[in-house]
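Just entry_3.txt here, compact mmCIF, C-alpha atoms:
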```txt
# COMPACT_ATOMS: atom_id res chain seq x y z
CA MET Q 549 42.80 -41.03 -20.08
CA PRO Q 550 45.27 -43.94 -19.92
CA HIS Q 551 47.98 -42.22 -21.99
CA LEU Q 552 48.41 -39.56 -19.31
CA ILE Q 553 48.62 -41.84 -16.29
CA GLN Q 554 50.54 -44.71 -17.86
CA PRO Q 555 53.70 -43.38 -19.59
CA LEU Q 556 55.88 -45.64 -21.70
CA ASP Q 557 57.84 -48.24 -19.79
CA THR Q 558 61.61 -47.91 -19.68
CA GLU Q 559 64.35 -49.53 -17.62
CA ASP Q 560 63.72 -46.68 -15.17
CA PRO Q 561 59.91 -46.37 -15.43
CA LEU Q 562 58.60 -42.86 -15.74
CA GLY Q 563 56.05 -41.88 -13.15
CA PRO Q 564 52.61 -40.46 -13.97
CA LEU Q 565 52.22 -36.70 -14.08
CA PRO Q 566 51.18 -35.46 -10.64
CA GLN Q 567 47.82 -33.76 -10.58
CA GLU Q 568 49.42 -30.66 -9.07
CA PHE Q 569 51.29 -30.19 -12.36
CA ALA Q 570 48.01 -28.94 -13.91
CA ALA Q 571 48.13 -25.88 -11.64
CA ILE Q 572 51.52 -24.99 -13.12
CA MET Q 573 50.38 -25.53 -16.69
CA ARG Q 574 47.02 -23.78 -16.68
CA PRO Q 575 48.24 -20.15 -16.43
CA GLU Q 576 50.45 -20.77 -19.46
CA LEU Q 577 47.54 -21.70 -21.74
CA PRO Q 578 46.46 -18.26 -23.10
CA SER Q 579 49.92 -17.23 -24.22
CA LEU Q 580 50.78 -20.77 -25.35
CA ILE Q 581 47.72 -20.84 -27.60
CA LYS Q 582 48.83 -17.60 -29.25
CA GLU Q 583 52.38 -18.90 -29.69
CA ILE Q 584 51.17 -22.12 -31.28
CA GLY Q 585 48.92 -20.12 -33.60
CA VAL Q 586 51.83 -18.01 -34.79
CA GLU Q 587 54.09 -21.00 -35.38
CA VAL Q 588 51.45 -23.11 -37.15
CA THR Q 589 50.24 -20.34 -39.48
CA ARG Q 590 53.83 -19.48 -40.33
CA ALA Q 591 54.57 -23.10 -41.24
CA TYR Q 592 51.21 -23.76 -42.90
CA PRO Q 593 49.92 -20.61 -44.69
CA GLU Q 594 46.66 -22.35 -45.65
CA TYR Q 595 45.68 -22.31 -41.98
CA ALA Q 596 46.39 -18.58 -41.81
CA ARG Q 597 43.79 -18.06 -44.55
CA LEU Q 598 41.31 -20.29 -42.72
CA LEU Q 599 41.71 -18.36 -39.47
CA ASP Q 600 40.79 -15.16 -41.34
CA GLY Q 601 37.75 -16.82 -42.94
CA PRO Q 602 34.25 -17.72 -41.69
CA ASN Q 603 35.55 -20.82 -39.86
CA GLY Q 604 38.32 -18.96 -38.03
CA GLN Q 605 36.55 -18.68 -34.68
CA ALA Q 606 35.58 -22.38 -34.67
CA ILE Q 607 39.20 -23.36 -35.35
CA ARG Q 608 40.46 -21.18 -32.49
CA VAL Q 609 37.92 -22.72 -30.13
CA GLY Q 610 39.03 -26.18 -31.22
CA VAL Q 611 42.69 -25.45 -30.48
CA GLU Q 612 41.80 -24.01 -27.08
CA GLN Q 613 39.61 -27.02 -26.32
CA SER Q 614 42.38 -29.48 -27.20
CA LEU Q 615 44.98 -27.79 -24.98
CA ALA Q 616 42.59 -27.21 -22.09
CA SER Q 617 41.50 -30.85 -22.23
CA PHE Q 618 45.11 -32.00 -21.81
CA VAL Q 619 45.45 -29.92 -18.64
CA ASP Q 620 42.04 -31.09 -17.38
CA LEU Q 621 43.13 -34.72 -17.78
CA VAL Q 622 46.27 -34.09 -15.79
CA ALA Q 623 44.21 -32.50 -13.01
CA GLU Q 624 41.53 -35.20 -13.17
CA PRO Q 625 42.24 -38.26 -15.35
CA SER Q 626 38.52 -39.15 -15.48
CA SER Q 627 37.57 -35.79 -17.06
CA SER Q 628 35.21 -36.03 -20.03
CA THR Q 629 36.76 -35.58 -23.47
CA THR Q 630 33.48 -35.51 -25.42
CA LEU Q 631 33.83 -31.93 -26.62
CA ARG Q 632 37.47 -32.40 -27.54
CA ASP Q 633 36.76 -35.65 -29.39
CA ASP Q 634 33.99 -34.04 -31.41
CA MET Q 635 36.18 -31.05 -32.28
CA CYS Q 636 39.05 -33.25 -33.45
CA ARG Q 637 36.72 -35.24 -35.69
CA ARG Q 638 35.46 -31.96 -37.12
CA PHE Q 639 39.01 -30.95 -37.96
CA GLY Q 640 39.47 -34.22 -39.84
CA ARG Q 641 36.20 -33.81 -41.71
CA PHE Q 642 37.14 -30.27 -42.67
CA GLU Q 643 40.47 -31.43 -44.12
CA ALA Q 644 38.61 -33.96 -46.26
CA TYR Q 645 36.09 -31.38 -47.43
CA GLU Q 646 38.95 -29.06 -48.38
CA GLY Q 647 40.50 -31.81 -50.50
CA ARG Q 648 43.67 -32.09 -48.43
CA SER Q 649 45.33 -35.20 -47.01
CA MET Q 650 45.85 -35.68 -43.29
CA ASP Q 651 49.53 -34.76 -43.59
CA THR Q 652 49.00 -31.04 -43.06
CA LEU Q 653 46.83 -31.48 -39.97
CA GLN Q 654 49.22 -34.06 -38.51
CA GLY Q 655 52.12 -31.69 -39.08
CA ALA Q 656 50.22 -28.89 -37.35
CA TYR Q 657 49.44 -31.13 -34.35
CA ARG Q 658 53.07 -32.17 -33.97
CA LEU Q 659 54.36 -28.63 -34.39
CA GLY Q 660 51.97 -27.53 -31.66
CA ALA Q 661 53.32 -30.29 -29.41
CA ARG Q 662 56.91 -29.14 -29.99
CA VAL Q 663 55.97 -25.56 -29.11
CA ALA Q 664 54.25 -26.81 -25.95
CA LEU Q 665 57.27 -28.91 -25.01
CA ARG Q 666 59.57 -25.93 -25.54
CA ARG Q 667 57.40 -23.88 -23.19
CA ALA Q 668 57.33 -26.73 -20.64
CA LYS Q 669 61.11 -26.80 -20.51
CA LYS Q 670 61.19 -23.09 -19.62
CA VAL Q 671 58.52 -23.55 -16.98
CA GLY Q 672 60.31 -26.61 -15.64
CA GLN Q 673 63.49 -24.63 -15.14
CA SER Q 674 61.58 -21.91 -13.29
CA TYR Q 675 59.99 -24.45 -10.93
CA HIS Q 676 63.11 -26.66 -10.72
CA LEU Q 677 61.18 -29.68 -11.92
CA SER Q 678 63.05 -32.96 -12.13
CA PRO Q 679 64.25 -34.36 -15.49
CA THR Q 680 62.13 -37.46 -14.84
CA LEU Q 681 58.99 -35.35 -14.50
CA MET Q 682 59.79 -33.49 -17.71
CA LEU Q 683 60.29 -36.80 -19.54
CA SER Q 684 56.92 -37.94 -18.22
CA PHE Q 685 55.40 -34.73 -19.53
CA ALA Q 686 56.93 -35.18 -22.99
CA ASP Q 687 55.77 -38.80 -23.11
CA ALA Q 688 52.22 -37.89 -22.10
CA LEU Q 689 52.11 -34.93 -24.49
CA PHE Q 690 53.10 -36.88 -27.58
CA ALA Q 691 50.80 -39.76 -26.62
CA TYR Q 692 48.02 -37.18 -26.34
CA VAL Q 693 48.84 -35.80 -29.80
CA ASP Q 694 48.68 -39.34 -31.20
CA GLU Q 695 45.17 -39.57 -29.80
CA LEU Q 696 44.17 -36.22 -31.36
CA GLU Q 697 45.46 -37.40 -34.73
CA SER Q 698 43.54 -40.66 -34.39
CA LEU Q 699 40.29 -38.83 -33.65
CA SER Q 700 40.80 -36.47 -36.58
CA ARG Q 701 41.49 -39.41 -38.86
CA GLU Q 702 38.12 -40.87 -37.87
CA GLY Q 703 36.39 -37.70 -39.11
CA PHE Q 704 38.57 -37.64 -42.22
CA GLN Q 705 37.73 -41.24 -43.12
CA GLU Q 706 34.04 -40.61 -42.39
CA VAL Q 707 33.90 -38.01 -45.16
CA ARG Q 708 36.09 -40.01 -47.52
CA SER Q 709 33.81 -43.01 -47.15
CA GLN Q 710 30.81 -41.02 -48.34
CA SER Q 711 30.22 -41.25 -52.04
CA GLY Q 712 30.23 -38.09 -54.12
CA GLU Q 713 26.58 -38.68 -54.96
CA HIS Q 714 25.60 -38.82 -51.30
CA SER Q 715 27.50 -35.63 -50.56
CA GLU Q 716 25.77 -33.82 -53.44
CA ALA Q 717 22.39 -35.03 -52.18
CA LEU Q 718 23.13 -33.57 -48.75
CA ARG Q 719 24.17 -30.26 -50.29
CA ARG Q 720 20.95 -30.14 -52.34
CA ARG Q 721 18.99 -30.87 -49.18
CA LEU Q 722 20.77 -28.00 -47.44
CA LEU Q 723 19.93 -25.68 -50.35
CA HIS Q 724 16.27 -26.69 -50.20
CA LEU Q 725 16.14 -26.05 -46.45
CA ILE Q 726 17.63 -22.59 -46.86
CA LEU Q 727 15.15 -21.73 -49.61
CA ALA Q 728 12.23 -23.06 -47.60
CA GLY Q 729 12.60 -20.12 -45.25
CA PRO Q 730 13.33 -20.07 -41.54
CA ALA Q 731 14.07 -23.73 -40.78
CA PRO Q 732 15.01 -25.24 -37.42
CA GLY Q 733 18.52 -24.03 -36.73
CA SER Q 734 19.65 -27.50 -35.73
CA ALA Q 735 18.59 -29.02 -39.07
CA VAL Q 736 20.54 -26.46 -41.10
CA ALA Q 737 23.51 -26.59 -38.71
CA ASP Q 738 23.65 -30.40 -38.88
CA LEU Q 739 23.69 -30.39 -42.68
CA CYS Q 740 26.30 -27.63 -42.75
CA GLU Q 741 28.40 -29.79 -40.47
CA GLN Q 742 27.97 -32.89 -42.60
CA VAL Q 743 28.93 -31.23 -45.87
CA GLY Q 744 31.57 -28.87 -44.47
CA TRP Q 745 29.76 -25.67 -45.46
CA ALA Q 746 29.84 -22.50 -43.38
CA LEU Q 747 26.44 -20.80 -43.23
CA PRO Q 748 26.99 -17.20 -44.47
CA GLU Q 749 25.17 -14.09 -43.30
CA GLU Q 750 24.26 -13.18 -46.90
CA VAL Q 751 23.65 -15.14 -50.09
CA THR Q 752 23.05 -14.52 -53.78
CA LEU Q 753 20.74 -16.84 -55.68
CA ILE Q 754 21.03 -17.58 -59.39
CA ALA Q 755 18.11 -18.82 -61.51
CA VAL Q 756 19.28 -20.85 -64.50
CA ARG Q 757 17.32 -21.67 -67.62
CA ALA Q 758 16.57 -25.39 -68.06
CA PRO Q 759 18.13 -27.61 -69.16
CA ALA Q 760 21.12 -26.36 -67.22
CA GLU Q 761 24.70 -27.54 -67.08
CA LEU Q 762 27.51 -26.53 -64.75
CA ASP Q 763 31.22 -26.88 -65.41
CA ARG Q 764 32.27 -28.28 -62.04
CA LEU Q 765 35.93 -27.61 -62.66
CA SER Q 766 35.26 -23.90 -63.17
CA ALA Q 767 32.68 -23.59 -60.40
CA ASP Q 768 33.70 -22.56 -56.88
CA ARG Q 769 33.59 -25.37 -54.33
CA ASP Q 770 31.29 -23.50 -51.94
CA LEU Q 771 28.33 -23.23 -54.34
CA LEU Q 772 25.11 -25.02 -53.46
CA VAL Q 773 23.55 -26.31 -56.67
CA ASP Q 774 20.36 -27.98 -57.88
CA LEU Q 775 20.29 -28.18 -61.64
CA SER Q 776 17.95 -31.18 -61.72
CA ALA Q 777 14.97 -29.16 -60.50
CA PRO Q 778 12.32 -27.96 -62.98
CA GLN Q 779 13.63 -24.46 -62.27
CA PRO Q 780 17.40 -24.94 -61.85
CA HIS Q 781 19.15 -22.70 -59.40
CA LEU Q 782 22.30 -22.27 -57.37
CA LEU Q 783 23.41 -20.36 -54.31
CA ILE Q 784 26.55 -18.28 -53.90
CA PRO Q 785 27.65 -17.43 -50.35
CA GLY Q 786 27.95 -13.67 -49.96
CA ALA Q 787 27.82 -11.03 -52.66
CA LEU Q 788 28.57 -11.42 -56.35
CA ASP Q 789 31.92 -9.70 -56.80
CA ASP Q 790 33.99 -9.59 -59.99
CA ALA Q 791 35.69 -12.91 -59.23
CA ARG Q 792 32.35 -14.66 -58.70
CA ARG Q 793 30.93 -13.12 -61.86
CA SER Q 794 33.89 -14.33 -63.88
CA MET Q 795 33.47 -17.78 -62.36
CA LEU Q 796 29.80 -17.89 -63.36
CA GLU Q 797 30.59 -16.89 -66.92
CA GLN Q 798 32.93 -19.88 -67.18
CA ALA Q 799 30.86 -22.36 -65.18
CA LEU Q 800 27.55 -21.63 -66.98
CA PRO Q 801 28.70 -21.37 -70.60
CA ALA Q 802 25.67 -22.95 -72.24
CA GLY Q 803 22.68 -21.41 -70.54
CA ARG Q 804 21.23 -18.03 -69.64
CA ALA Q 805 20.92 -17.15 -65.99
CA ALA Q 806 19.46 -14.38 -63.85
CA ILE Q 807 21.36 -13.17 -60.81
CA GLY Q 808 19.18 -12.40 -57.83
CA LEU Q 809 19.86 -9.74 -55.23
CA THR Q 810 22.28 -10.35 -52.38
CA VAL Q 811 20.10 -10.76 -49.30
CA PRO Q 812 20.33 -12.03 -45.71
CA THR Q 813 20.36 -15.83 -45.78
CA ALA Q 814 16.88 -15.96 -44.25
CA LEU Q 815 15.55 -14.18 -47.39
CA ALA Q 816 17.19 -16.51 -49.90
CA CYS Q 817 13.79 -17.57 -51.28
CA GLU Q 818 13.07 -13.95 -52.26
CA SER Q 819 16.35 -13.64 -54.16
CA VAL Q 820 15.62 -16.71 -56.28
CA ARG Q 821 12.00 -15.63 -56.78
CA TRP Q 822 13.10 -12.32 -58.24
CA ALA Q 823 15.69 -14.04 -60.43
CA ARG Q 824 13.08 -16.43 -61.81
CA ARG Q 825 10.71 -13.54 -62.48
CA VAL Q 826 13.43 -11.82 -64.49
CA LEU Q 827 13.76 -14.92 -66.69
CA GLU Q 828 9.98 -14.87 -67.20
CA LEU Q 829 10.14 -11.23 -68.27
CA VAL Q 830 12.96 -12.09 -70.66
CA ASP Q 831 10.81 -14.81 -72.19
CA SER Q 832 7.92 -12.40 -72.58
CA GLY Q 833 10.10 -9.77 -74.23
CA VAL Q 834 9.90 -7.18 -71.45
CA ILE Q 835 13.59 -7.48 -70.53
CA ASP Q 836 16.31 -7.86 -73.15
CA ASP Q 837 18.07 -11.22 -73.16
CA ALA Q 838 21.72 -11.69 -72.15
CA PRO Q 839 23.93 -14.53 -70.86
CA LEU Q 840 23.91 -13.14 -67.31
CA ILE Q 841 21.11 -10.78 -66.32
CA HIS Q 842 21.28 -8.87 -63.04
CA CYS Q 843 18.07 -8.33 -61.10
CA GLU Q 844 19.50 -5.13 -59.65
CA ASP Q 845 19.38 -3.62 -63.15
CA HIS Q 846 15.61 -4.23 -63.41
CA LEU Q 847 14.23 -3.49 -59.94
CA THR Q 848 11.67 -0.93 -61.11
CA THR Q 849 10.42 -3.30 -63.80
CA LEU Q 850 10.11 -6.12 -61.25
CA TRP Q 851 8.20 -3.85 -58.91
CA LEU Q 852 5.82 -2.41 -61.50
CA LEU Q 853 4.96 -5.85 -62.91
CA SER Q 854 4.93 -7.74 -59.60
CA ASP Q 855 1.13 -8.03 -59.39
CA PRO Q 856 -0.67 -8.04 -62.80
CA ALA Q 857 -4.17 -8.20 -61.28
CA LEU Q 858 -3.46 -5.25 -59.00
CA LEU Q 859 -2.01 -3.33 -61.96
CA ASP Q 860 -5.28 -3.84 -63.85
CA GLN Q 861 -7.26 -2.47 -60.91
CA LEU Q 862 -4.93 0.49 -60.51
CA ALA Q 863 -5.01 1.26 -64.24
CA GLN Q 864 -8.80 1.14 -64.24
CA ARG Q 865 -8.86 3.70 -61.41
CA GLU Q 866 -6.13 6.04 -62.66
CA LEU Q 867 -7.32 6.08 -66.30
CA ALA Q 868 -11.04 6.19 -65.53
CA ALA Q 869 -11.19 9.76 -66.87
CA VAL Q 870 -10.46 8.59 -70.44
CA ALA Q 871 -12.46 5.35 -70.29
CA GLY Q 872 -15.40 6.82 -72.28
CA ILE Q 873 -13.27 8.25 -75.10
CA SER Q 874 -12.84 6.46 -78.41
CA ALA Q 875 -9.93 4.03 -78.48
CA THR Q 876 -7.89 5.95 -81.06
CA ARG Q 877 -8.16 9.29 -79.28
CA ARG Q 878 -7.62 7.66 -75.90
CA ASP Q 879 -4.38 6.01 -77.07
CA ARG Q 880 -3.07 9.34 -78.38
CA LEU Q 881 -3.93 11.21 -75.20
CA VAL Q 882 -2.49 8.49 -72.92
CA GLU Q 883 0.74 8.35 -74.94
CA THR Q 884 1.05 12.15 -74.77
CA LEU Q 885 0.43 12.04 -71.02
CA ARG Q 886 3.08 9.34 -70.58
CA ILE Q 887 5.66 11.38 -72.50
CA TRP Q 888 4.86 14.47 -70.45
CA LEU Q 889 5.16 12.58 -67.16
CA ASP Q 890 8.42 10.99 -68.31
CA THR Q 891 10.09 14.13 -69.64
CA ARG Q 892 8.26 17.24 -68.36
CA GLY Q 893 9.47 18.54 -71.72
CA THR Q 894 8.38 21.50 -73.84
CA ALA Q 895 5.80 21.15 -76.61
CA ALA Q 896 8.62 21.11 -79.16
CA GLN Q 897 10.54 18.38 -77.31
CA MET Q 898 7.45 16.25 -76.82
CA GLY Q 899 6.40 16.79 -80.43
CA ALA Q 900 9.73 15.39 -81.59
CA LEU Q 901 9.23 12.28 -79.46
CA LEU Q 902 5.63 11.83 -80.57
CA ASP Q 903 6.35 12.77 -84.19
CA VAL Q 904 3.62 15.43 -84.17
CA HIS Q 905 3.54 19.24 -84.46
CA PRO Q 906 4.12 21.18 -81.19
CA GLN Q 907 0.69 22.77 -81.63
CA THR Q 908 -0.85 19.30 -81.57
CA VAL Q 909 0.95 18.63 -78.29
CA ARG Q 910 -0.43 21.85 -76.80
CA TYR Q 911 -3.95 20.91 -77.88
CA ARG Q 912 -3.64 17.46 -76.35
CA MET Q 913 -2.24 18.84 -73.10
CA ARG Q 914 -5.16 21.25 -72.75
CA SER Q 915 -7.50 18.31 -73.30
CA LEU Q 916 -5.66 16.24 -70.68
CA GLU Q 917 -5.85 19.08 -68.16
CA THR Q 918 -9.56 19.35 -68.74
CA ILE Q 919 -10.18 15.59 -68.56
CA PHE Q 920 -7.96 14.75 -65.58
CA GLY Q 921 -8.25 18.01 -63.66
CA ASP Q 922 -6.64 17.89 -60.20
CA GLN Q 923 -5.36 14.35 -60.83
CA LEU Q 924 -2.37 15.84 -62.67
CA VAL Q 925 -1.80 18.47 -59.97
CA ASP Q 926 -1.91 16.34 -56.81
CA PRO Q 927 1.57 14.74 -56.31
CA GLU Q 928 0.27 11.39 -55.07
CA SER Q 929 -2.28 11.03 -57.85
CA ARG Q 930 0.25 12.09 -60.45
CA PHE Q 931 2.77 9.53 -59.16
CA ALA Q 932 0.18 6.74 -59.27
CA THR Q 933 -0.78 7.68 -62.82
CA GLU Q 934 2.86 7.75 -63.91
CA ALA Q 935 3.54 4.35 -62.30
CA VAL Q 936 0.52 2.83 -64.06
CA LEU Q 937 1.55 4.21 -67.45
CA ARG Q 938 5.12 2.95 -67.03
CA ALA Q 939 3.88 -0.51 -66.05
CA LEU Q 940 1.42 -0.66 -68.95
CA ARG Q 941 4.19 0.41 -71.30
CA LEU Q 942 6.42 -2.41 -70.05
CA ARG Q 943 3.63 -4.94 -70.35
CA SER Q 944 2.84 -3.81 -73.88
CA ARG Q 945 6.32 -4.96 -74.90
CA ALA Q 946 5.30 -8.49 -74.02
CA THR Q 947 1.92 -8.44 -75.75
CA GLY Q 948 2.87 -6.24 -78.70
CA THR Q 949 -0.20 -4.10 -78.13
CA SER Q 950 -0.69 -0.48 -77.15
CA PRO Q 951 -0.54 0.31 -73.40
```
Show the structure stored in the file as structure tokens.
Amino acid sequence: MPHLIQPLDTEDPLGPLPQEFAAIMRPELPSLIKEIGVEVTRAYPEYARLLDGPNGQAIRVGVEQSLASFVDLVAEPSSSTTLRDDMCRRFGRFEAYEGRSMDTLQGAYRLGARVALRRAKKVGQSYHLSPTLMLSFADALFAYVDELESLSREGFQEVRSQSGEHSEALRRRLLHLILAGPAPGSAVADLCEQVGWALPEEVTLIAVRAPAELDRLSADRDLLVDLSAPQPHLLIPGALDDARRSMLEQALPAGRAAIGLTVPTALACESVRWARRVLELVDSGVIDDAPLIHCEDHLTTLWLLSDPALLDQLAQRELAAVAGISATRRDRLVETLRIWLDTRGTAAQMGALLDVHPQTVRYRMRSLETIFGDQLVDPESRFATEAVLRALRLRSRATGTSP
């Protein structure tokens, strides 16, 4: 790297840093990295928050790479800087994605250089290094920082040059890949890199009723959104806490939405499938309507009505004992059986629910015991019968007919 071997000319030209100087510098790196981290996060609190977030480890690796590369270039001026260059461009892209100018990153670079120079002075005193050598070090260090800033500006300008429409298209593409199921890791990683989005371990999908609108000013920046699809939806990284819920209420003021379960990112398609099914059940009258409906409040309903054809087969098997009875009597017996399975109540309690005399309940129960026999005694059979009756009851809300 020419900056390290050709310092600025003066009346008394500074010499290049000797390669042996790298051996003095390298042991200082671990503690120097920590010291720079403390100073930078103290001066720039936004970076302290980033280091505690999902990108924290990547940022630490980038800082380590930048400092190690400087030492490597002193030891061997022809050392490759490919990894360092890529990391610096990433830093610039991230600043653009976060909506900041380059001023903060430049300030952090220069503060880091001052901390490194302060450490070098202490080390120089310990090793009795000449003032000329220390001047050469300072010259090379600040020239190196200029190069880091230049690389980061390239990444920054790359993002800024992209139109908002193109960026949104990439984010939609990323959302589609995530929902498509296990996609090649490189494809998802590349899109995450391009749009500045950290792939979370868990996600929550939201199904929105069409036509859908989103108040972008109220919406969090890390949402992935596709409201132009026939079934609009959006993705929230992580779980839906109170802050996210409040955000959704403001960002989706005009349309109803169903909130899927929080699942591992690989199961994102299941979360949106359940959310869409909840909207279908709202439309059919099974689930009561509301601005924001939580799937977690309707898990049993989703399960019982997940396979209509299988429910029909199961109902045919579990209710075969009353298939030959007249429709009116069958409906009364089935309703009495459902109430008994639901409540395990006394004849008086069940009579109040059914609006019949307790003696009528006792008569019906004796009939049910005779008709169903061991089916009401065996735990597995009784559970299957109860599940069928609950599912038929839910479905009857949609059709307006008896179960």
Rounded to one decimal, what separation in Å do you get between CA of Val826 in chain Q and CA of Leu747 in chain Q?
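One can read the CA of Val826 in chain Q to CA of Leu747 in chain Q distance as 26.5 Å.
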Nearest to Glu695 in chain Q, chosen from Q:Arg641, Q:Arg632, Q:His714, Q:His905, with only C-alpha atoms counted in the distances:
Q:Arg632
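The two atoms in question, CA of Glu594 in chain Q and CA of Asp651 in chain Q, are spaced 12.9 Å apart.
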Please report, as a tab-separated table, each residue of range 712-804 of chain Q lying at most 12 Å from range 835-855 of chain Q, together with the nearest pair of atoms and the separation in Å rounded to one decimal; use only C-alpha atoms, and order rows by chain and ascending residue number.
```
residue	atom	partner	partner_atom	distance
Q:Thr752	CA	Q:Cys843	CA	10.8
Q:Leu753	CA	Q:Cys843	CA	10.4
Q:Ile754	CA	Q:His842	CA	9.4
Q:Ala755	CA	Q:Ile841	CA	9.8
Q:Val756	CA	Q:Leu840	CA	9.4
Q:Arg757	CA	Q:Pro839	CA	10.3
Q:Leu788	CA	Q:His842	CA	10.2
Q:Arg793	CA	Q:Leu840	CA	8.9
Q:Ser794	CA	Q:Leu840	CA	10.6
Q:Met795	CA	Q:Leu840	CA	11.7
Q:Leu796	CA	Q:Leu840	CA	8.5
Q:Glu797	CA	Q:Leu840	CA	7.7
Q:Gln798	CA	Q:Pro839	CA	11.1
Q:Ala799	CA	Q:Leu840	CA	11.7
Q:Leu800	CA	Q:Pro839	CA	8.9
Q:Pro801	CA	Q:Pro839	CA	8.3
Q:Ala802	CA	Q:Pro839	CA	8.7
Q:Gly803	CA	Q:Pro839	CA	7.0
Q:Arg804	CA	Q:Pro839	CA	4.6
```
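Of the residues under consideration (Q:Leu653, Q:Ala571, Q:Val663, Q:Ala871), Q:Ala571 shows the shortest atom-to-atom contact distance to Leu621 in chain Q when counting only C-alpha atoms.
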Would you mind reading off the distance between CA of Ala668 in chain Q and CA of Ala686 in chain Q, one decimal, in Å?
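Rounded to one decimal, the two atoms are 8.8 Å apart.
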Determine, counting only C-alpha atoms, which protein, DNA and RNA residues have an atom within 9 Å of an atom of Ala623 in chain Q; residues of the same chain fewer than 5 positions away are not included. Present the result as a list in words.
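With the cut-off at 9 Å, the set is Pro566, Gln567, Glu568, Phe569, Ala570, Ala571 and Phe618 of chain Q.
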Which one is closest to Glu587 in chain Q: Q:Arg910, Q:Arg878, Q:Arg930, Q:Arg658? Count only C-alpha atoms.
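Once distances to Glu587 in chain Q are computed over only C-alpha atoms, the minimum belongs to Q:Arg658.
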Near Leu718 in chain Q, counting only C-alpha atoms, which residues have an atom at most 8 Å away, once you skip same-chain residues fewer than 3 positions from it, shown as a list in words?
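The neighbour list is His714, Ser715, Arg721, Leu722, Leu739, Gln742 and Val743 of chain Q.
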Applying 12 Å and all atoms listed in the file, which residues near Leu901 in chain Q remain after dropping the ones on its own chain fewer than 2 positions away? List them as a count of residues only.
19
All residues 12 Å or closer to range 920-923 of chain Q, all atoms listed in the file, same chain fewer than 6 positions away omitted, as a list of chain:residue names:
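Listed by chain and then number, they are Q:Arg865, Q:Glu866, Q:Leu867, Q:Ala868, Q:Ala869, Q:Val870, Q:Ala871, Q:Leu881, Q:Val882, Q:Leu885, Q:Arg912, Q:Met913, Q:Arg914, Q:Ser929, Q:Arg930, Q:Phe931, Q:Ala932, Q:Thr933, Q:Glu934.
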Name the closest residue to Leu771 in chain Q among the candidates Q:Arg943, Q:Arg662, Q:Arg821, Q:Arg792; distances are taken between atoms, counting only C-alpha atoms.
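For Leu771 in chain Q, the nearest of the candidates is Q:Arg792.
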Within 12 Å of Ala787 in chain Q, counting all atoms listed in the file, which residues show up once you throw out same-chain ones fewer than 5 positions away? Write them as a list in words, please.
Pro748, Glu749, Glu750, Val751, Thr752, Leu753, Ile754, Arg792, Arg793, Ile807, Gly808, Leu809, Thr810, Val811, Pro812, Thr813 and Ser819 of chain Q
So, with only C-alpha atoms as the atoms that count, which of Q:Arg769, Q:Arg666, Q:Arg701, Q:Arg877 lies closest to Glu716 in chain Q?
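Of Q:Arg769, Q:Arg666, Q:Arg701, Q:Arg877, the one nearest Glu716 in chain Q is Q:Arg769, counting only C-alpha atoms.
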For range 776-790 of chain Q, what centre and edge lengths in Å (one decimal) does the axis-aligned box get once 4 Å is added on each side of all its listed atoms, as lines of an AutoDock Vina configuration file?
```
center_x = 23.2
center_y = -20.4
center_z = -56.5
size_x = 29.7
size_y = 29.6
size_z = 21.0
```
